[in-house]
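The file data_7.txt comes next; it holds compact mmCIF, C-alpha atoms.
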# COMPACT_ATOMS: atom_id res chain seq x y z
CA MET A 1 74.17 -17.74 -19.36
CA LEU A 2 71.31 -19.55 -21.09
CA LEU A 3 71.68 -20.38 -24.76
CA PRO A 4 68.90 -18.94 -27.00
CA ILE A 5 67.98 -22.48 -28.10
CA ARG A 6 68.84 -25.50 -25.99
CA ALA A 7 67.55 -29.06 -25.55
CA ILE A 8 66.34 -30.12 -22.10
CA CYS A 9 64.95 -33.31 -20.55
CA LYS A 10 63.95 -33.34 -16.88
CA GLU A 11 63.23 -36.20 -14.54
CA LYS A 12 60.11 -34.48 -13.18
CA TRP A 13 58.53 -34.85 -16.63
CA THR A 14 58.76 -38.67 -16.44
CA ARG A 15 55.62 -40.47 -17.60
CA ARG A 16 54.20 -43.81 -16.44
CA ASP A 17 56.25 -45.72 -19.02
CA GLY A 18 59.48 -44.32 -17.53
CA THR A 19 60.24 -41.92 -20.39
CA ALA A 20 60.25 -38.13 -20.45
CA PRO A 21 59.94 -35.74 -23.41
CA ILE A 22 62.86 -33.80 -24.80
CA PHE A 23 62.00 -30.14 -25.32
CA LEU A 24 63.76 -27.40 -27.22
CA GLN A 25 63.77 -24.30 -25.05
CA TYR A 26 63.83 -21.01 -26.96
CA CYS A 27 64.84 -18.05 -24.74
CA TYR A 28 63.66 -15.03 -26.72
CA SER A 29 64.36 -12.58 -23.90
CA ARG A 30 65.98 -12.58 -20.45
CA GLU A 31 62.61 -13.26 -18.76
CA LYS A 32 60.60 -15.01 -21.48
CA ARG A 33 61.06 -18.47 -22.91
CA THR A 34 58.97 -21.09 -24.65
CA LEU A 35 59.17 -24.90 -24.81
CA LEU A 36 58.88 -26.76 -28.11
CA ASN A 37 58.02 -30.46 -28.00
CA THR A 38 60.33 -32.56 -30.17
CA SER A 39 58.15 -35.69 -29.77
CA ILE A 40 61.30 -37.60 -28.72
CA PHE A 41 60.89 -39.57 -25.47
CA ILE A 42 63.69 -41.28 -23.52
CA PRO A 43 64.38 -42.29 -19.91
CA PRO A 44 65.89 -39.16 -18.27
CA ALA A 45 68.86 -41.23 -16.99
CA TYR A 46 70.17 -41.40 -20.59
CA TRP A 47 70.15 -37.62 -21.12
CA GLN A 48 73.39 -35.63 -20.94
CA SER A 49 72.41 -32.13 -19.85
CA LYS A 50 75.72 -30.35 -20.44
CA GLN A 51 76.29 -31.93 -23.87
CA GLN A 52 72.56 -31.66 -24.68
CA LYS A 53 72.45 -35.07 -26.25
CA ILE A 54 71.36 -38.66 -25.65
CA THR A 55 74.02 -41.08 -24.37
CA ALA A 56 75.17 -43.99 -26.52
CA GLU A 57 73.99 -46.41 -23.81
CA LEU A 58 70.32 -45.76 -24.65
CA PRO A 59 68.52 -49.17 -24.83
CA ASN A 60 67.36 -50.10 -28.34
CA GLN A 61 63.68 -50.19 -27.42
CA PHE A 62 63.80 -46.38 -27.05
CA GLY A 63 65.43 -45.78 -30.42
CA ASP A 64 68.85 -45.36 -31.94
CA ALA A 65 70.85 -42.77 -29.98
CA VAL A 66 72.80 -41.55 -33.04
CA LYS A 67 69.71 -41.06 -35.18
CA LEU A 68 67.82 -39.36 -32.34
CA ASN A 69 70.70 -36.94 -31.74
CA ASP A 70 70.81 -36.16 -35.46
CA GLU A 71 67.06 -35.45 -35.31
CA LEU A 72 67.60 -33.11 -32.36
CA LEU A 73 70.22 -31.18 -34.37
CA ARG A 74 67.82 -30.95 -37.32
CA LEU A 75 65.05 -29.61 -35.08
CA LYS A 76 67.44 -27.07 -33.52
CA ARG A 77 68.39 -25.79 -36.99
CA LEU A 78 64.68 -25.63 -37.85
CA VAL A 79 64.00 -23.43 -34.81
CA GLU A 80 66.98 -21.24 -35.74
CA ASP A 81 65.51 -20.82 -39.23
CA LEU A 82 62.13 -19.88 -37.71
CA VAL A 83 63.77 -17.26 -35.48
CA ALA A 84 65.67 -15.84 -38.46
CA GLU A 85 62.46 -15.70 -40.49
CA ALA A 86 60.63 -13.94 -37.64
CA THR A 87 63.45 -11.38 -37.51
CA ARG A 88 63.33 -10.90 -41.29
CA LYS A 89 59.55 -10.34 -41.21
CA GLN A 90 59.91 -7.95 -38.23
CA ILE A 91 57.58 -9.98 -36.03
CA THR A 92 57.55 -8.49 -32.53
CA ASP A 93 56.51 -11.51 -30.49
CA LYS A 94 59.04 -14.03 -31.77
CA GLY A 95 58.30 -16.52 -29.01
CA ALA A 96 54.59 -16.79 -29.91
CA PHE A 97 55.48 -16.94 -33.60
CA VAL A 98 58.01 -19.77 -33.20
CA LYS A 99 55.73 -21.76 -30.88
CA LYS A 100 52.88 -21.57 -33.38
CA ALA A 101 54.99 -22.30 -36.46
CA PHE A 102 57.12 -25.12 -35.03
CA THR A 103 56.21 -28.75 -35.52
CA PRO A 104 58.65 -31.72 -35.54
CA THR A 105 57.40 -32.77 -38.98
CA LEU A 106 58.12 -29.37 -40.50
CA ASN A 107 60.81 -29.57 -43.23
CA LEU A 108 62.87 -26.85 -44.85
CA GLN A 109 61.01 -27.14 -48.16
CA SER A 110 57.67 -26.25 -46.52
CA LEU A 111 59.19 -23.77 -44.06
CA ASP A 112 58.51 -20.63 -46.10
CA GLU A 113 54.88 -21.58 -46.70
CA ARG A 114 54.40 -22.41 -43.00
CA VAL A 115 56.05 -19.18 -41.89
CA THR A 116 53.92 -17.12 -44.26
CA THR A 117 50.73 -18.76 -43.00
CA VAL A 118 51.63 -18.23 -39.34
CA ALA A 119 52.72 -14.64 -40.03
CA LYS A 120 49.35 -13.92 -41.64
CA GLN A 121 47.54 -15.50 -38.70
CA GLU A 122 49.55 -13.44 -36.24
CA LEU A 123 48.85 -10.28 -38.23
CA ALA A 124 45.12 -11.06 -38.33
CA LYS A 125 45.13 -11.72 -34.58
CA LYS A 126 46.97 -8.45 -33.96
CA GLU A 127 44.48 -6.55 -36.12
CA ALA A 128 41.57 -8.26 -34.33
CA LYS A 129 42.85 -7.00 -30.98
CA HIS A 130 42.59 -3.46 -32.30
CA ASP A 131 39.07 -4.06 -33.62
CA ILE A 132 36.57 -2.07 -31.58
CA TYR A 133 33.97 -4.88 -31.45
CA TYR A 134 36.56 -7.46 -30.37
CA GLN A 135 37.54 -5.10 -27.57
CA PHE A 136 33.90 -4.47 -26.66
CA ASP A 137 33.40 -8.23 -26.25
CA GLU A 138 36.53 -8.39 -24.08
CA TYR A 139 35.20 -5.46 -22.03
CA ILE A 140 31.87 -7.23 -21.47
CA LYS A 141 33.75 -10.38 -20.34
CA THR A 142 35.54 -8.36 -17.65
CA LYS A 143 32.15 -7.16 -16.35
CA GLU A 144 30.33 -10.50 -16.26
CA ARG A 145 31.05 -11.12 -12.57
CA LYS A 146 30.67 -7.50 -11.51
CA VAL A 147 27.35 -6.28 -12.92
CA SER A 148 23.82 -7.61 -13.37
CA LYS A 149 22.55 -9.40 -16.47
CA ALA A 150 20.45 -6.33 -17.27
CA THR A 151 23.58 -4.15 -17.34
CA LEU A 152 25.36 -6.67 -19.57
CA THR A 153 22.39 -6.37 -21.94
CA VAL A 154 22.85 -2.58 -21.94
CA TYR A 155 26.52 -3.03 -22.90
CA SER A 156 25.50 -5.33 -25.77
CA ASN A 157 22.94 -2.73 -26.90
CA VAL A 158 25.65 -0.05 -27.02
CA LYS A 159 27.78 -2.33 -29.18
CA GLY A 160 24.74 -2.97 -31.40
CA HIS A 161 24.13 0.78 -31.77
CA LEU A 162 27.72 1.27 -32.94
CA GLN A 163 27.41 -1.56 -35.48
CA ALA A 164 24.11 -0.15 -36.77
CA PHE A 165 25.67 3.33 -37.08
CA GLU A 166 28.66 1.87 -38.95
CA LYS A 167 26.31 0.15 -41.39
CA TYR A 168 24.20 3.31 -41.79
CA ARG A 169 27.08 5.60 -42.71
CA GLN A 170 29.01 2.84 -44.55
CA GLU A 171 32.27 3.72 -42.84
CA LYS A 172 34.21 1.43 -40.52
CA ILE A 173 34.47 2.60 -36.92
CA SER A 174 37.90 2.37 -35.30
CA PHE A 175 39.29 3.80 -32.08
CA ALA A 176 40.62 6.70 -34.14
CA SER A 177 37.04 7.58 -35.12
CA PHE A 178 36.03 9.00 -31.74
CA ASP A 179 36.24 12.74 -32.14
CA PHE A 180 33.88 15.74 -31.99
CA ASN A 181 32.36 15.04 -35.43
CA PHE A 182 31.74 11.37 -34.62
CA TYR A 183 29.94 12.30 -31.40
CA HIS A 184 27.51 14.68 -33.11
CA ASP A 185 26.89 12.37 -36.07
CA PHE A 186 26.26 9.46 -33.67
CA ILE A 187 23.82 11.55 -31.59
CA ASP A 188 21.94 12.60 -34.75
CA TYR A 189 21.75 9.01 -35.94
CA LEU A 190 20.44 7.70 -32.62
CA THR A 191 17.91 10.56 -32.44
CA PHE A 192 16.42 10.36 -35.91
CA GLU A 193 17.61 7.32 -37.88
CA HIS A 194 18.16 4.34 -35.56
CA VAL A 195 15.54 1.64 -36.19
CA HIS A 196 14.17 -0.08 -33.10
CA MET A 197 14.84 -3.80 -33.02
CA ARG A 198 12.30 -6.47 -32.02
CA ARG A 199 9.33 -4.22 -32.74
CA GLN A 200 6.18 -5.23 -34.59
CA GLU A 201 5.99 -1.74 -36.07
CA VAL A 202 8.95 0.16 -37.50
CA LEU A 203 10.03 2.95 -35.12
CA THR A 204 12.98 5.25 -35.64
CA GLY A 205 14.88 7.33 -33.12
CA LEU A 206 15.66 6.73 -29.45
CA LYS A 207 14.56 8.81 -26.49
CA LEU A 208 17.04 11.30 -25.08
CA ASN A 209 17.72 9.33 -21.89
CA THR A 210 18.38 6.14 -23.88
CA ILE A 211 20.86 8.08 -26.01
CA GLY A 212 22.44 9.43 -22.83
CA LYS A 213 22.80 5.91 -21.45
CA THR A 214 24.48 4.82 -24.71
CA ILE A 215 27.01 7.68 -24.56
CA LYS A 216 27.64 7.05 -20.85
CA HIS A 217 28.52 3.40 -21.35
CA LEU A 218 30.50 4.12 -24.54
CA ARG A 219 32.63 6.55 -22.55
CA GLY A 220 33.07 3.94 -19.82
CA PHE A 221 34.24 1.38 -22.36
CA LEU A 222 36.75 3.74 -24.00
CA LYS A 223 38.16 4.91 -20.64
CA ASP A 224 38.60 1.27 -19.58
CA ARG A 225 40.54 0.40 -22.73
CA VAL A 226 42.77 3.48 -22.25
CA LYS A 227 43.47 2.57 -18.59
CA ARG A 228 44.46 -0.93 -19.64
CA LYS A 229 46.83 0.66 -22.20
CA ILE A 230 45.16 -1.22 -25.05
CA ILE A 231 44.49 2.00 -26.97
CA ALA A 232 46.00 5.48 -26.98
CA PRO A 233 44.32 8.16 -24.80
CA ILE A 234 41.16 9.67 -26.32
CA ASP A 235 39.85 13.14 -25.51
CA LEU A 236 36.22 12.57 -24.45
CA THR A 237 35.62 16.13 -23.19
CA ASP A 238 32.98 16.77 -25.88
CA PHE A 239 31.16 13.47 -25.29
CA LYS A 240 28.43 15.03 -23.14
CA ILE A 241 25.69 12.76 -21.75
CA PRO A 242 22.30 14.13 -22.84
CA GLU A 243 19.40 13.59 -20.45
CA GLU A 244 15.97 14.87 -19.54
CA GLU A 245 13.59 14.26 -16.66
CA SER A 246 11.65 11.20 -17.75
CA ASP A 247 7.89 10.95 -17.36
CA ALA A 248 6.56 7.96 -15.47
CA ILE A 249 3.53 7.19 -13.35
CA TYR A 250 3.14 5.94 -9.81
CA LEU A 251 0.11 4.28 -8.24
CA THR A 252 -1.53 5.63 -5.09
CA HIS A 253 -2.41 3.31 -2.22
CA GLN A 254 -6.05 3.46 -3.38
CA GLU A 255 -5.06 2.37 -6.90
CA ILE A 256 -2.90 -0.46 -5.53
CA ILE A 257 -5.88 -1.61 -3.41
CA ALA A 258 -8.10 -1.45 -6.52
CA ILE A 259 -5.67 -3.74 -8.36
CA TYR A 260 -5.41 -6.12 -5.40
CA GLN A 261 -9.19 -6.38 -5.06
CA THR A 262 -9.91 -6.78 -8.79
CA ASP A 263 -12.01 -9.83 -9.54
CA LEU A 264 -9.88 -12.10 -11.71
CA SER A 265 -12.11 -15.19 -11.53
CA ALA A 266 -12.56 -14.99 -15.32
CA HIS A 267 -8.76 -14.60 -15.75
CA PRO A 268 -7.19 -16.99 -13.21
CA HIS A 269 -3.82 -16.97 -15.03
CA LEU A 270 -3.43 -13.29 -14.09
CA VAL A 271 -3.67 -13.82 -10.33
CA GLU A 272 0.03 -14.56 -9.79
CA TYR A 273 1.04 -11.52 -11.87
CA ARG A 274 -1.35 -9.28 -9.90
CA ASP A 275 -0.11 -10.57 -6.54
CA LEU A 276 3.55 -10.24 -7.49
CA PHE A 277 2.99 -6.67 -8.67
CA VAL A 278 1.23 -5.71 -5.41
CA LEU A 279 4.02 -7.37 -3.43
CA ALA A 280 6.54 -5.24 -5.37
CA CYS A 281 4.47 -2.08 -4.67
CA LEU A 282 4.71 -2.83 -0.94
CA THR A 283 8.42 -3.69 -0.90
CA GLY A 284 10.02 -1.48 -3.57
CA LEU A 285 11.88 -4.38 -5.14
CA ARG A 286 13.00 -4.39 -8.77
CA PHE A 287 11.72 -7.07 -11.15
CA SER A 288 15.09 -8.82 -11.06
CA ASP A 289 14.72 -9.11 -7.27
CA PHE A 290 11.01 -9.79 -6.64
CA SER A 291 10.90 -12.37 -9.46
CA THR A 292 13.65 -14.40 -7.75
CA LEU A 293 12.37 -14.39 -4.15
CA LYS A 294 12.62 -17.65 -2.23
CA PRO A 295 10.75 -18.87 0.90
CA GLU A 296 13.94 -18.64 2.97
CA ASP A 297 14.18 -14.89 2.18
CA LEU A 298 11.40 -14.35 4.76
CA GLN A 299 12.72 -14.26 8.33
CA ARG A 300 10.85 -12.83 11.34
CA ASP A 301 8.35 -10.98 9.11
CA MET A 302 11.23 -9.34 7.23
CA LEU A 303 12.48 -9.91 3.69
CA TYR A 304 16.25 -10.32 3.45
CA LYS A 305 17.23 -9.85 -0.18
CA LYS A 306 20.56 -9.30 -1.94
CA GLN A 307 19.84 -6.92 -4.81
CA GLU A 308 21.06 -8.15 -8.18
CA LYS A 309 21.84 -4.70 -9.59
CA SER A 310 23.68 -3.16 -6.64
CA ASP A 311 24.91 -6.46 -5.15
CA HIS A 312 24.15 -5.48 -1.55
CA TRP A 313 21.59 -6.58 1.02
CA VAL A 314 18.34 -4.85 1.90
CA ILE A 315 16.02 -5.74 4.78
CA ILE A 316 12.34 -4.94 4.19
CA PRO A 317 9.58 -5.14 6.82
CA LEU A 318 6.40 -6.70 5.39
CA ARG A 319 2.93 -5.25 5.78
CA GLU A 320 0.22 -7.77 6.59
CA GLU A 321 -0.96 -7.83 2.97
CA ALA A 322 2.58 -8.36 1.64
CA LYS A 323 3.25 -11.15 4.13
CA HIS A 324 -0.09 -12.75 3.23
CA ILE A 325 0.74 -12.67 -0.49
CA PHE A 326 4.22 -14.08 0.04
CA THR A 327 3.22 -16.91 2.36
CA ARG A 328 -0.03 -17.83 0.60
CA GLN A 329 0.54 -17.30 -3.11
CA PHE A 330 4.28 -17.94 -3.32
CA LYS A 331 4.87 -20.34 -0.45
CA GLU A 332 6.67 -22.82 -2.69
CA LYS A 333 8.44 -20.54 -5.19
CA ILE A 334 8.00 -17.59 -7.53
CA PRO A 335 6.93 -18.75 -11.01
CA ALA A 336 9.46 -18.27 -13.81
CA LEU A 337 8.53 -14.98 -15.50
CA THR A 338 10.03 -12.68 -18.12
CA ASN A 339 9.86 -8.91 -17.80
CA PRO A 340 8.07 -8.33 -21.15
CA GLU A 341 5.51 -10.99 -20.28
CA PHE A 342 4.99 -9.47 -16.82
CA ASN A 343 4.56 -5.94 -18.27
CA ARG A 344 2.01 -7.16 -20.79
CA HIS A 345 -0.15 -8.88 -18.19
CA ILE A 346 0.03 -6.13 -15.57
CA LYS A 347 -1.33 -3.64 -18.14
CA THR A 348 -4.33 -5.94 -18.65
CA ILE A 349 -4.84 -6.12 -14.88
CA GLY A 350 -4.65 -2.33 -14.61
CA LYS A 351 -7.32 -2.06 -17.28
CA LEU A 352 -9.58 -4.52 -15.43
CA ALA A 353 -9.02 -2.49 -12.25
CA GLY A 354 -10.41 0.59 -14.00
CA LEU A 355 -7.24 2.68 -14.23
CA ASN A 356 -8.48 4.29 -17.44
CA ARG A 357 -7.72 7.98 -16.84
CA SER A 358 -5.88 9.50 -19.81
CA ILE A 359 -2.34 10.65 -19.07
CA LYS A 360 -0.17 12.73 -21.37
CA PHE A 361 3.61 12.51 -21.31
CA SER A 362 6.18 14.12 -23.59
CA TYR A 363 9.78 13.61 -24.60
CA LYS A 364 12.37 15.41 -26.71
CA LYS A 365 13.34 14.31 -30.19
CA GLY A 366 15.88 16.77 -31.51
CA ASN A 367 14.26 20.20 -31.12
CA LYS A 368 10.74 18.75 -31.15
CA ASN A 369 8.55 17.96 -28.16
CA ILE A 370 6.71 14.68 -28.80
CA GLU A 371 3.49 14.18 -26.80
CA VAL A 372 1.94 10.78 -26.16
CA VAL A 373 -1.52 10.25 -24.61
CA LYS A 374 -2.47 6.83 -23.22
CA PRO A 375 -4.77 5.50 -20.48
CA LYS A 376 -2.98 5.10 -17.15
CA TYR A 377 -3.01 1.29 -17.27
CA ASP A 378 -1.01 1.42 -20.52
CA TRP A 379 1.83 3.26 -18.75
CA ILE A 380 2.20 0.57 -16.07
CA THR A 381 5.41 -1.51 -16.08
CA SER A 382 7.17 -3.67 -13.50
CA HIS A 383 9.19 -0.60 -12.48
CA THR A 384 5.99 1.28 -11.64
CA ALA A 385 5.83 -0.80 -8.46
CA ARG A 386 9.22 0.47 -7.27
CA ARG A 387 8.34 4.09 -8.07
CA SER A 388 4.99 3.69 -6.30
CA PHE A 389 6.66 2.39 -3.14
CA CYS A 390 9.18 5.24 -3.01
CA THR A 391 6.63 7.95 -3.82
CA ASN A 392 3.96 6.71 -1.39
CA GLU A 393 6.46 6.44 1.46
CA PHE A 394 7.79 9.91 0.64
CA LEU A 395 4.28 11.40 0.65
CA ALA A 396 3.54 9.62 3.92
CA GLY A 397 6.43 11.47 5.53
CA THR A 398 8.88 8.56 5.89
CA PRO A 399 12.41 10.03 6.14
CA VAL A 400 14.22 9.74 2.82
CA GLU A 401 17.24 8.09 4.47
CA LEU A 402 15.03 5.23 5.73
CA ILE A 403 13.29 4.75 2.37
CA MET A 404 16.69 4.53 0.68
CA LYS A 405 17.75 1.79 3.13
CA ILE A 406 14.85 -0.30 1.82
CA SER A 407 14.98 0.73 -1.85
CA GLY A 408 18.75 0.27 -1.94
CA HIS A 409 19.48 3.69 -3.47
CA LYS A 410 22.99 4.88 -2.65
CA ARG A 411 22.62 8.49 -3.77
CA THR A 412 19.86 10.93 -2.84
CA LYS A 413 20.03 12.31 -6.39
CA ASP A 414 19.07 8.91 -7.82
CA PHE A 415 16.33 8.40 -5.25
CA TYR A 416 14.54 11.65 -6.09
CA LYS A 417 14.30 10.56 -9.72
CA TYR A 418 11.79 7.98 -8.48
CA ILE A 419 9.49 10.48 -6.80
CA ARG A 420 6.51 11.00 -9.13
CA ILE A 421 4.10 13.58 -7.76
CA SER A 422 2.12 16.20 -9.66
CA PRO A 423 2.30 19.94 -8.81
CA GLU A 424 -1.18 19.60 -7.28
CA GLU A 425 -0.05 16.73 -5.04
CA ALA A 426 3.00 18.75 -3.99
CA ALA A 427 0.78 21.73 -3.12
CA ASN A 428 -1.60 19.56 -1.07
CA LYS A 429 1.36 18.02 0.79
CA ILE A 430 2.71 21.46 1.69
CA LYS A 431 -0.78 22.53 2.79
CA GLU A 432 -0.99 19.50 5.12
CA LEU A 433 2.35 20.43 6.67
CA TRP A 434 1.29 24.05 7.14
CA ILE A 435 -1.96 23.01 8.81
CA LYS A 436 -0.07 20.72 11.22
CA ARG A 437 2.49 23.43 11.90
CA ASP A 438 0.36 26.51 12.55
CA GLY A 439 -3.16 25.93 11.22
CA MET A 440 -2.40 27.95 8.04
CA ARG A 441 -2.03 31.11 10.14
Now, as a test, write the supplied structure out as structure tokens.
Amino acid sequence: MLLPIRAICKEKWTRRDGTAPIFLQYCYSREKRTLLNTSIFIPPAYWQSKQQKITAELPNQFGDAVKLNDELLRLKRLVEDLVAEATRKQITDKGAFVKKAFTPTLNLQSLDERVTTVAKQELAKKEAKHDIYYQFDEYIKTKERKVSKATLTVYSNVKGHLQAFEKYRQEKISFASFDFNFYHDFIDYLTFEHVHMRRQEVLTGLKLNTIGKTIKHLRGFLKDRVKRKIIAPIDLTDFKIPEEESDAIYLTHQEIIAIYQTDLSAHPHLVEYRDLFVLACLTGLRFSDFSTLKPEDLQRDMLYKKQEKSDHWVIIPLREEAKHIFTRQFKEKIPALTNPEFNRHIKTIGKLAGLNRSIKFSYKKGNKNIEVVKPKYDWITSHTARRSFCTNEFLAGTPVELIMKISGHKRTKDFYKYIRISPEEAANKIKELWIKRDGMR
């Protein structure tokens, strides 16, 4: 049976000078033990394992055997005192406490002060582990190798929304806070009070789908912490995910051609943005994917690309125009671009291409319907290219299953969210099918 505290010195620990350290081993449970360095070094041949002491034959250059054995006894008593103090203070993890508090230079006079300091540190560490933001950071760390950078940004935004809400209502958020009242107060805050960050003008309130995304990822975080048994189970039945069908434009083939043929001789810096956008319209790639294309991704007139968001491969046949853009404009490499920069420039290009028709979209804010009217070019973003590809292929009659193989969508439900056609376009499409089928008879 192992003693709770015993001195050990093993030959396998021998250093280049022929000496090995003597450790005090504290066995604080049947399975768990910790080693405490005494800073005493001797040749292992002069260690008596059963007696747990240094032999009298120890050469003088390694120290006086009697004095070193006395020091070992002192250090043993010191560890015993630390264990007793941990018991008195009802510290659960005695092994971690003793390891942190122990030092060979510690004396009995300073023991109480040292123990108190370590106890406070352990308490602070324990409290930190139950802090929601500490846990959110730990949660994000577990996702770093599993999700895209964009998704990690979404997680950070959710954490930021919680911190902003905490500051707004001047009440600390803990894991015990998540109940029915918290959910509704949080929804109200995000809808009407939350101030947009990084905006030139002050805007308050998030769109319904952004709120829904926040609640979705908050639920995911809480469920993960419960599964890992870090926190007690939380009833999230009432944490519904609000959503609405979002308004977004797509560009017809004619509009894409208009952009591609726009004279940019007076704006040469916009050419690479224009060509990249058209390439995305013809391939359905996300910004995170088309902005990181490499020459070797083109093989036998096909693009082979591993999608960053879904982490699986898509193979995309290239139209002549797309192949021409890729091999001519981006033969060497895609320029380093940021999404906000790309969105800003592609709006300018859309304006130069004459996409000036006014378009009205609306979104919910509480019980109000907010309408926004802007010229079409002002609604263009990098994601418009992906929607345009999916919608144009859908209207052209390409089977949905084949489009999804290229777009990378895994669920039909998600794919159809990308289809942006007006009621008039839907009616004309049905009319075309009826004419082909039976001549409208």
Legend entry - Residue among A:Ile140, A:Ala353, A:Ile334, A:Ile215 lying closest to Leu162 in chain A, counting all atoms listed in the file: A:Ile215
Legend entry - A:Pro423, A:Pro317, A:Gly408, A:Gly284 ranked by distance to Thr384 in chain A, top pick (using only C-alpha atoms): A:Gly284
Inset, instruction - Find, counting only C-alpha atoms, the residue in A:Asp179, A:Asp301, A:Glu85, A:Glu71 that gets nearest to Thr38 in chain A. - result: A:Glu71
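Reported to one decimal place, the separation of CA of Lys100 in chain A from CA of Asn69 in chain A is 23.6 Å.
Nearest to Leu208 in chain A of all the residues A:Ser407, A:Thr34, A:Asn369, A:Asn181 is A:Asn369, based on all atoms listed in the file.
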Inset, instruction - Grab the CA of Arg387 in chain A to CA of Thr348 in chain A distance for me, in Å with one decimal place. - result: 19.3 Å
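Comparing A:Lys413, A:Lys431, A:Lys223, A:Lys376 by their smallest distance to Arg357 in chain A, the closest is A:Lys376 (using only C-alpha atoms).
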Specify the axis-aligned box that encloses all atoms of range 51-66 of chain A listed in the file after padding of 5 Å on each side, stating its centre and edge lengths in Å to one decimal as lines of an AutoDock Vina configuration file.
center_x = 70.0
center_y = -40.9
center_z = -28.4
size_x = 22.6
size_y = 28.5
size_z = 19.2
